[in-house]
Amino acid sequence: ISYQEVAGQSFHYQFNDFDTFTFSMAISAKQCSKYFYDTIIIDPFSRAILPADTTVCAGSSLAITGTIVQVGSNVDYYWSTGDSNVMTTTINNIGNDTTIVFTVKDTNGCEHSDKMNISVTRLPEVNIIQGNRVCTPDSLFLTMSYLLDNTNLSAVHWWNIDDTLLLGSGFNMMVYDSGAYTCELTDDMGCTGYDTINVVISSLQCDIGNDLEICSGDSVKLASTVTGTKNNLSYA
């Protein structure tokens with residue numbers, strides 16, 4: 001380590017590891033220079049180590065375990081999450097990018113910290129579109145749109161109200177029965193998003209009785225019987 005004095009400036013040096021360092025300083029005035037030498041010994045100290053930076057899905061939880069290279073005894077250690085003297089801290093419902101710091105402090109008052117950056121990927125945004133009410137024996141064509149956050153599409157699945165995987169999984173689905181239908185999309189990071197739509201299939205049957213034979217000029221009164229869903233009926 002060398003240093004040349006400049007008027008009005010101070011000298012700072014951060015030691016990041018233990019070792020023996022030789023320090024030299026030169027003081028110059030006009031054509032003359034004076035050199036000073038000294039040795040600085042940094043004793044071994046305890047160090048905190050965290051895993052490498054990582055990326056998680058929004059809303060997920062993450063357990064982080066730190067490691068301590070301990071020198072001496074009776075060290076204290078603590079997390080930026082508020083936990084102390086535990087080797088593992090857990091972060092729940094992660095919504096934004098964050099940095100976790102793990103610090104160890106030994107009996108000499110020396111502290112050492114390590115940090116871990118956590119990046120958050122938004123869940124896929126899924127939207128089921130098209131109408132949701134048709135009449136038997138018609139079918140309903142459901143389709144989905146989606147938005148991904150810097151990832152690629154991995155899988156698309158459709159589910160019904162009984163949590164049964166439907167055949168023909170893809171961007172579109174033809175349904176014939178009433179119920180709740182869910183489209184689930186997974187990106188290549190394993191992040192999953194979904195949307196649900198309630199489908200109502202109206203089943204109506206009308207019966208006006210058996211065929212009749214009447215004489216010309218006679219009249220007959222017909223009565224109809226309607227079965228099935230009867231909301232907001234009109235007759236013609």
# chains A, B, ... in the order shown; residues from 1 in each chain; ligands from 1
>>> residues_around(residues="range 83-85 of chain A", least_positions_apart="2", cutoff="12 Å", atoms="only C-alpha atoms", output="VMD selection string")
chain A and resid 64 to 68 74 to 81 87 to 91 100 to 105
>>> closest_atom_pairs(of="range 80-193 of chain A", to="range 17-28 of chain A", cutoff="12 Å", atoms="only C-alpha atoms", output="Markdown table")
| residue | atom | partner | partner_atom | distance |
| --- | --- | --- | --- | --- |
| A:Cys110 | CA | A:Phe18 | CA | 11.6 |
| A:Glu111 | CA | A:Asp17 | CA | 11.8 |
| A:His112 | CA | A:Asp17 | CA | 9.9 |
>>> closest_residue(among="A:Val175, A:Val56, A:Val156, A:Leu140", to="Leu123 in chain A", atoms="only C-alpha atoms")
A:Val56
>>> closest_residue(among="A:Asn172, A:Ser33, A:Asn210, A:Ser61", to="Met144 in chain A", atoms="only C-alpha atoms")
A:Asn172
>>> atom_distance(atom1="CA of Ser60 in chain A", atom2="CA of Ile129 in chain A")
27.5 Å
